[in-house]
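Visitor: So that we are looking at the same thing, I have put the structure below in structure tokens.
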There are 2 protein chains.
Amino acid sequence: AEERLPVLVSAVLPAGGTGERMGGGTPKQFCPILGRPLISYTVQALERINWISHIVVVVSLDNVEIMKSIVKRYGHKRSVIVEGGTSRHRSIFNGLEIFVKNSPIQKPEVVIIHDAVRPFVEKDIIFKVVMAAKEHGAAGAIRPLVSTVIASSADGCLDHSLDRAKYRASEMPQAFLFDVIHQAYRQCNDYDLDYGTECLHLALKYSKTNAKLIEGPPDLWKVTYKKDLYAAESLIREAISQQVCVITDMNENAVQVGFLLHKTLKSHVKQVRSLSSTLCKDDNHLQNILLGQCYNFICINDTPSDFQKTQQLVEMLENTNASVLYSIVLISVHLNNLEDTSCSSEMPKLVELAKEVNKTNIFLYGLIIHYQQDNMKLEEITDSASALIMALIRDRNPAFVGQLLVA
Amino acid sequence: AEERLPVLVSAVLPAGGTGERMGGGTPKQFCPILGRPLISYTVQALERINWISHIVVVVSLDNVEIMKSIVKRYGHKRSVIVEGGTSRHRSIFNGLEIFVKNSPIQKPEVVIIHDAVRPFVEKDIIFKVVMAAKEHGAAGAIRPLVSTVIASSADGCLDHSLDRAKYRASEMPQAFLFDVIHQAYRQCNDYDLDYGTECLHLALKYSKTNAKLIEGPPDLWKVTYKKDLYAAESLIREAISQQVCVITDMNENAVQVGFLLHKTLKSHVKQVRSLSSTLCKDDNHLQNILLGQCYNFICINDTPSDFQKTQQLVEMLENTNASVLYSIVLISVHLNNLEDTSCSSEMPKLVELAKEVNKTNIFLYGLIIHYQQDNMKLEEITDSASALIMALIRDRNPAFVGQLLVA
Ligand SMILES: [Mg+2]
Ligand SMILES: [Mg+2]
């Protein structure tokens with residue numbers, strides 16, 4: 001379902017910043033979140049919207065090669081990498097110029113300007129801002145002020161405080177008729193280019209265009225400090241923990257345990273899907289689950305030494321590109337009918353397989369469930385297995401791959 | 001080392017908010033972070049400063065009992081619980097009145113006002129704000145603006161944007177000569193009390209006092225959204241992962257492994273301390289480590305079935321109150337000289353002990369290290385053991401207690 005807008009839209013993503021506020025080191029747009037650079041998540045957020053023609057990523061000369069490797073590794077389409085200037089405004093200007101210089105990239109009617117460090121932007125607000133820009137010439141997302149804004153006197157004392165109700169914080173995304181913002185950048189002076197921060201201000205000052213202001217959702221926030229990287233990581237972890245697929249061996253006990261796990265997992269995540277068919281390469285059902293962005297799989301094998309189902313799934317996952325953007329958690333569950341809690345037989349196999357699949361971003365963990373004939377006891381044990389499964393999924397901890405847990 | 005200031009200081013902590021911005025449910029100051037309500041961390045931050053005489057926590061009538069149980073459970077001293085009003089300003093006013101009503105709590109010369117949802121406040125900025133308040137009558141922490149502030153016209157379009165360099169965000173803590181702020185609250189009108197948000201503004205308007213503005217550090221941020229709870233949790237996890245204590249059995253192999261772990265752990269945390277003495281109740285060394293706020297212990301036992309060192313430490317930890325504020329991670333390491341990877345003997349014992357100590361907020365995990373005579377191989381294996389140890393410490397995952405990992 002390709003969606004089309006009656007207007008040609010492209011985006012510019014300034015990412016030339018040097019990350020001073022993080023205390024030096026890696027600029028924040030290149031900091032890894034679950035192993036992948038922040039900027040890739042933001043590019044992905046724009047790429048999901050198929051009516052955005054090109055995504056122009058503006059990076060400093062130092063980071064051009066890094067950005068190229070990110071685009072290649074994570075398979076970003078429609079990205080164009082442009083070298084930035086010495087300030088945010090100069091970088092955006094460079095990004096806009098690519099559409100008018102003798103380049104094969106068509107000049108859009110509306111251009112979106114977004115921040116590389118706001119990865120949680122949703123389609124809805126982008127659509128609203130683009131439509132408002134088409135009508136008014138310029139538009140930008142705003143949010144209520146979180147703190148009171150104050151003006152200080154020359155001696156560092158309070159002069160006056162602003163009435164919070166009358167002011168808003170200007171956020172991203174913003175959008176402009178291309179000519180409105182391009183003309184503003186062409187006409188503005190060096191002081192604007194070096195010290196200015198607000199595109200809406202340039203559109204007003206140089207193109208006499210009063211931007212339409214659109215109240216945006218809280219997830220427009222900007223990754224600024226280390227704490228924000230932590231918050232982003234937790235939010236992404238949470239988002240990819242919402243779907244689980246349970247695959248069971250045809251063995252009767254495995255099917256029973258699969259059924260019980262399905263039931264208890266449903267109270268922890270939005271969607272649980274179960275498959276008990278023989279896995280095969282052109283299994284449409286599994287292909288659909290993968291396309292539906294499920295990143296968590298539980299394979300219920302018959303015995304502690306049996307890895308058949310797990311290995312079948314591994315092969316299928318490796319044949320798709322399912323784990324390019326996010327790691328896949330794969331929990332190999334093994335039923336144990338014996339009274340003893342020995343785990344000698346399966347450990348070496350599990351460790352070896354886990355090491356192997358880790359190379360393709362699949363995190364494999366083992367889980368022993370002591371099968372009980374008694375239904376009450378079995379429910380109790382599958383409840384604690386579910387708690388371990390949810391912890392492994394939410395945690396996505398690469399340090400624990402190849403470990404064998406016991407429920 | 002009791003510190004004294006030449007001025008009597010107390011604090012008011014308004015915590016009457018209802019948490020609308022979090023999407024309803026539990027008000028954010030009562031949301032658990034690693035199992036403990038956010039407000040307890042903020043009270044703790046003030047309590048650490050021993051020149052603050054009283055900490056007046058203002059909560060809504062609904063939450064008085066909850067707050068009482070928090071103060072009791074986490075052993076907060078010098079806290080006074082006061083019932084709040086229908087707005088932030090009315091709550092602060094109630095908090096101030098407690099010092100002047102016929103109450104046994106002495107009226108301070110300077111009163112600090114802080115937010116219950118800013119747990120990361122440090123002593124340094126509190127000291128600066130208090131000293132500035134003593135001199136100027138009022139003082140408050142400020143931060144640079146993160147976003148441009150804009151004013152909109154009646155039709156929802158941009159009217160003008162403010163020059164970011166000329167304005168600041170007003171944050172907390174703030175401090176006042178008690179009479180300055182108390183008089184301001186007594187004189188202000190109902191509109192101020194119901195809709196105002198800025199104490200500095202009241203001090204200016206009603207007590208003609210221009211507050212001194214003090215540039216604060218980034219960690220004054222306010223827990224406002226769910227993402228902020230995630231960020232706070234990660235920062236606290238990180239803070240309590242910085243010290244590790246390694247306790248080894250006197251057995252030669254155990255001492256060797258302890259030495260190697262000490263060496264590799266040092267590259268991951270700020271401080272590693274090692275003990276190989278016989279643990280006894282009045283061991284000053286261990287007592288000092290506990291007082292030094294170490295929340296992570298590694299006990300190296302001789303064999304897979306030997307839990308002697310681990311059990312000794314458990315007893316000592318339970319006799320102190322070391323795990324009242326933060327969970328303690330205790331990793332029971334067992335050396336295995338055998339070639340096989342069986343783990344049958346120790347599992348039931350570990351599970352039982354883990355369940356028991358979990359009641360006192362101690363998270364017990366097991367770790368098998370396959371002892372190797374070959375030094376190179378042993379270093380390799382202690383490296384991977386260190387990676388598992390660091391993951392367990394940073395994770396602090398209650399779901400994994402009683403599990404046995406293998407290095
Ligand atoms: Mg801008
Ligand atoms: Mg205030």
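Chain labels A, B, ... are given in the sequence in which chains occur in the structure tokens; within each chain residues are numbered consecutively from 1, and ligands are likewise numbered from 1 in the order shown.
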Taking only C-alpha atoms into account, report as an mmCIF file with N, CA and C atoms, in the first residue's frame which residues of chain B lie within 6 Å of chain A.
Guide:
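The resulting file, selection.cif, is shown below:
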data_model
loop_
_atom_site.group_PDB
_atom_site.id
_atom_site.type_symbol
_atom_site.label_atom_id
_atom_site.label_comp_id
_atom_site.auth_asym_id
_atom_site.auth_seq_id
_atom_site.Cartn_x
_atom_site.Cartn_y
_atom_site.Cartn_z
ATOM 1 N N SER B 147 15.261 24.512 23.981
ATOM 2 C CA SER B 147 14.586 24.848 22.722
ATOM 3 C C SER B 147 14.408 26.355 22.631
ATOM 4 N N THR B 148 14.238 26.853 21.420
ATOM 5 C CA THR B 148 13.872 28.249 21.233
ATOM 6 C C THR B 148 12.470 28.459 21.782
ATOM 7 N N VAL B 149 12.250 29.599 22.443
ATOM 8 C CA VAL B 149 10.925 29.921 22.970
ATOM 9 C C VAL B 149 10.256 30.895 22.007
ATOM 10 N N ILE B 150 8.998 30.611 21.679
ATOM 11 C CA ILE B 150 8.301 31.448 20.714
ATOM 12 C C ILE B 150 6.955 31.909 21.254
ATOM 13 N N ALA B 151 6.507 33.044 20.726
ATOM 14 C CA ALA B 151 5.189 33.564 21.062
ATOM 15 C C ALA B 151 4.324 33.423 19.825
ATOM 16 N N GLY B 156 -2.648 31.258 15.851
ATOM 17 C CA GLY B 156 -1.798 30.067 15.970
ATOM 18 C C GLY B 156 -0.589 30.092 15.065
ATOM 19 N N CYS B 157 -0.184 31.296 14.634
ATOM 20 C CA CYS B 157 1.031 31.401 13.829
ATOM 21 C C CYS B 157 2.140 32.062 14.644
ATOM 22 N N LEU B 158 3.356 31.928 14.153
ATOM 23 C CA LEU B 158 4.501 32.522 14.845
ATOM 24 C C LEU B 158 4.388 34.033 14.887
ATOM 25 N N TYR B 167 17.524 34.559 27.677
ATOM 26 C CA TYR B 167 16.587 33.952 28.615
ATOM 27 C C TYR B 167 17.159 32.672 29.200
ATOM 28 N N ARG B 168 16.600 32.270 30.324
ATOM 29 C CA ARG B 168 17.028 31.034 30.968
ATOM 30 C C ARG B 168 15.794 30.270 31.438
ATOM 31 N N ALA B 169 15.966 28.955 31.633
ATOM 32 C CA ALA B 169 14.910 28.159 32.248
ATOM 33 C C ALA B 169 15.089 28.226 33.759
ATOM 34 N N SER B 170 13.997 28.480 34.471
ATOM 35 C CA SER B 170 14.049 28.506 35.934
ATOM 36 C C SER B 170 13.848 27.083 36.438
ATOM 37 N N ASN B 210 14.602 40.725 44.265
ATOM 38 C CA ASN B 210 15.071 40.159 42.998
ATOM 39 C C ASN B 210 15.997 38.980 43.289
ATOM 40 N N ALA B 211 15.547 37.792 42.960
ATOM 41 C CA ALA B 211 16.322 36.588 43.280
ATOM 42 C C ALA B 211 17.642 36.573 42.535
ATOM 43 N N LYS B 212 18.679 36.066 43.206
ATOM 44 C CA LYS B 212 19.958 35.805 42.551
ATOM 45 C C LYS B 212 19.808 34.518 41.742
ATOM 46 N N LEU B 213 20.259 34.553 40.483
ATOM 47 C CA LEU B 213 20.135 33.381 39.621
ATOM 48 C C LEU B 213 21.470 32.637 39.551
ATOM 49 N N LYS B 227 9.595 8.345 29.915
ATOM 50 C CA LYS B 227 10.990 8.243 29.478
ATOM 51 C C LYS B 227 11.957 8.723 30.568
ATOM 52 N N TYR B 230 12.622 6.028 33.024
ATOM 53 C CA TYR B 230 13.620 5.104 32.463
ATOM 54 C C TYR B 230 15.027 5.681 32.631
ATOM 55 N N ALA B 231 15.171 6.960 32.314
ATOM 56 C CA ALA B 231 16.485 7.590 32.420
ATOM 57 C C ALA B 231 16.964 7.571 33.871
ATOM 58 N N THR B 341 30.355 -30.339 32.557
ATOM 59 C CA THR B 341 29.724 -29.065 32.882
ATOM 60 C C THR B 341 28.460 -29.289 33.693
ATOM 61 N N SER B 342 28.408 -30.388 34.381
ATOM 62 C CA SER B 342 27.233 -30.691 35.191
ATOM 63 C C SER B 342 27.042 -29.632 36.269
ATOM 64 N N CYS B 343 25.818 -29.330 36.539
ATOM 65 C CA CYS B 343 25.562 -28.335 37.584
ATOM 66 C C CYS B 343 24.435 -28.836 38.463
ATOM 67 N N SER B 344 24.374 -30.140 38.624
ATOM 68 C CA SER B 344 23.239 -30.714 39.345
ATOM 69 C C SER B 344 23.334 -30.487 40.848
#
Visitor: Quick one: residues within 9 Å of Leu34 (chain B), only C-alpha atoms, excluding same-chain residues fewer than 5 positions away - as a ChimeraX atom specification?
Guide: /B:233,236-237,326-327,396
Visitor: Keeping only N, CA and C atoms, write the selected residues to a file as a short mmCIF file (atom, residue, chain, number, x, y, z; two decimals), in the first residue's frame.
Guide:
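And here is the file that came out, out.cif:
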data_model
loop_
_atom_site.label_atom_id
_atom_site.label_comp_id
_atom_site.auth_asym_id
_atom_site.auth_seq_id
_atom_site.Cartn_x
_atom_site.Cartn_y
_atom_site.Cartn_z
N GLU B 233 16.12 5.53 36.26
CA GLU B 233 16.46 4.17 36.64
C GLU B 233 17.87 3.79 36.14
N ILE B 236 20.57 5.59 38.18
CA ILE B 236 20.74 5.04 39.53
C ILE B 236 21.45 3.69 39.47
N ARG B 237 21.02 2.85 38.52
CA ARG B 237 21.71 1.57 38.30
C ARG B 237 23.21 1.79 38.10
N TYR B 326 19.02 0.29 48.56
CA TYR B 326 19.28 -0.31 47.25
C TYR B 326 19.42 -1.81 47.40
N SER B 327 19.02 -2.55 46.39
CA SER B 327 19.24 -3.99 46.40
C SER B 327 20.74 -4.25 46.38
N ARG B 396 20.91 -5.87 37.62
CA ARG B 396 20.14 -5.98 38.87
C ARG B 396 18.76 -6.55 38.61
#
Visitor: What is the distance, in Å and to one decimal place, between CA of Leu13 (chain A) and CA of Gln293 (chain A)?
Guide: 25.4 Å
Visitor: When you look at Asn319 (chain B) with a cut-off of 12 Å (counting only C-alpha atoms), what residues show up, excluding the ones that are within fewer than 2 positions of it in the same chain? I need them as a count of residues only.
Guide: 16
Visitor: Measure the distance from CA of Leu286 (chain B) to CA of Glu3 (chain B) in Å and round it to one decimal.
Guide: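 Calculated distance between CA of Leu286 (chain B) and CA of Glu3 (chain B) is 25.9 Å.
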Visitor: Can you pull out every residue from region 125-272 of chain B that DSSP, working from the backbone, puts in strand (DSSP E or B), and format the result as a PyMOL selection string?
Guide: chain B and resi 138-144+148-152+157-161+167-177+212-215+243-248+271-272
Visitor: To one decimal place in Å, what is the distance between CA of Val269 (chain A) and CA of Ile247 (chain A)?
Guide: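 Here the two named atoms are 16.5 Å from each other.
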Visitor: Using only C-alpha atoms and all ligand atoms, which of A:Ile289, A:Ile70, A:Leu193, A:Val257 sits nearest ligand 1?
Guide: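 So, comparing all the options, the nearest one is A:Leu193.
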Visitor: For His89 (chain B), please output as a ChimeraX atom specification all residues within 9 Å (counting only C-alpha atoms; exclusion window: fewer than 2 positions along the same chain).
Guide: /B:14,85-87,91-94,185,192-199
Visitor: Keeping C-alpha atoms, export the residues of the selection given above as a PDB file, in the first residue's frame.
Guide:
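Output file out.pdb is given in full below:
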ATOM      1  CA  PRO B  14       6.057  19.942  47.333  1.00  0.00           C
ATOM      2  CA  GLY B  85      -3.478  22.207  48.980  1.00  0.00           C
ATOM      3  CA  THR B  86      -5.221  22.188  45.620  1.00  0.00           C
ATOM      4  CA  SER B  87      -2.303  23.733  43.707  1.00  0.00           C
ATOM      5  CA  SER B  91       0.993  23.144  48.880  1.00  0.00           C
ATOM      6  CA  ILE B  92       4.207  25.118  49.313  1.00  0.00           C
ATOM      7  CA  PHE B  93       2.313  27.639  51.456  1.00  0.00           C
ATOM      8  CA  ASN B  94       1.048  24.792  53.690  1.00  0.00           C
ATOM      9  CA  TYR B 185       2.619  33.771  50.191  1.00  0.00           C
ATOM     10  CA  ASP B 192      -1.527  33.614  42.174  1.00  0.00           C
ATOM     11  CA  LEU B 193      -2.141  30.664  44.496  1.00  0.00           C
ATOM     12  CA  ASP B 194      -4.251  28.747  41.969  1.00  0.00           C
ATOM     13  CA  TYR B 195      -2.462  29.427  38.698  1.00  0.00           C
ATOM     14  CA  GLY B 196       1.043  30.615  39.504  1.00  0.00           C
ATOM     15  CA  THR B 197       4.022  28.306  39.292  1.00  0.00           C
ATOM     16  CA  GLU B 198       7.054  30.429  40.050  1.00  0.00           C
ATOM     17  CA  CYS B 199       8.140  31.154  43.632  1.00  0.00           C
TER      18      CYS B 199
END
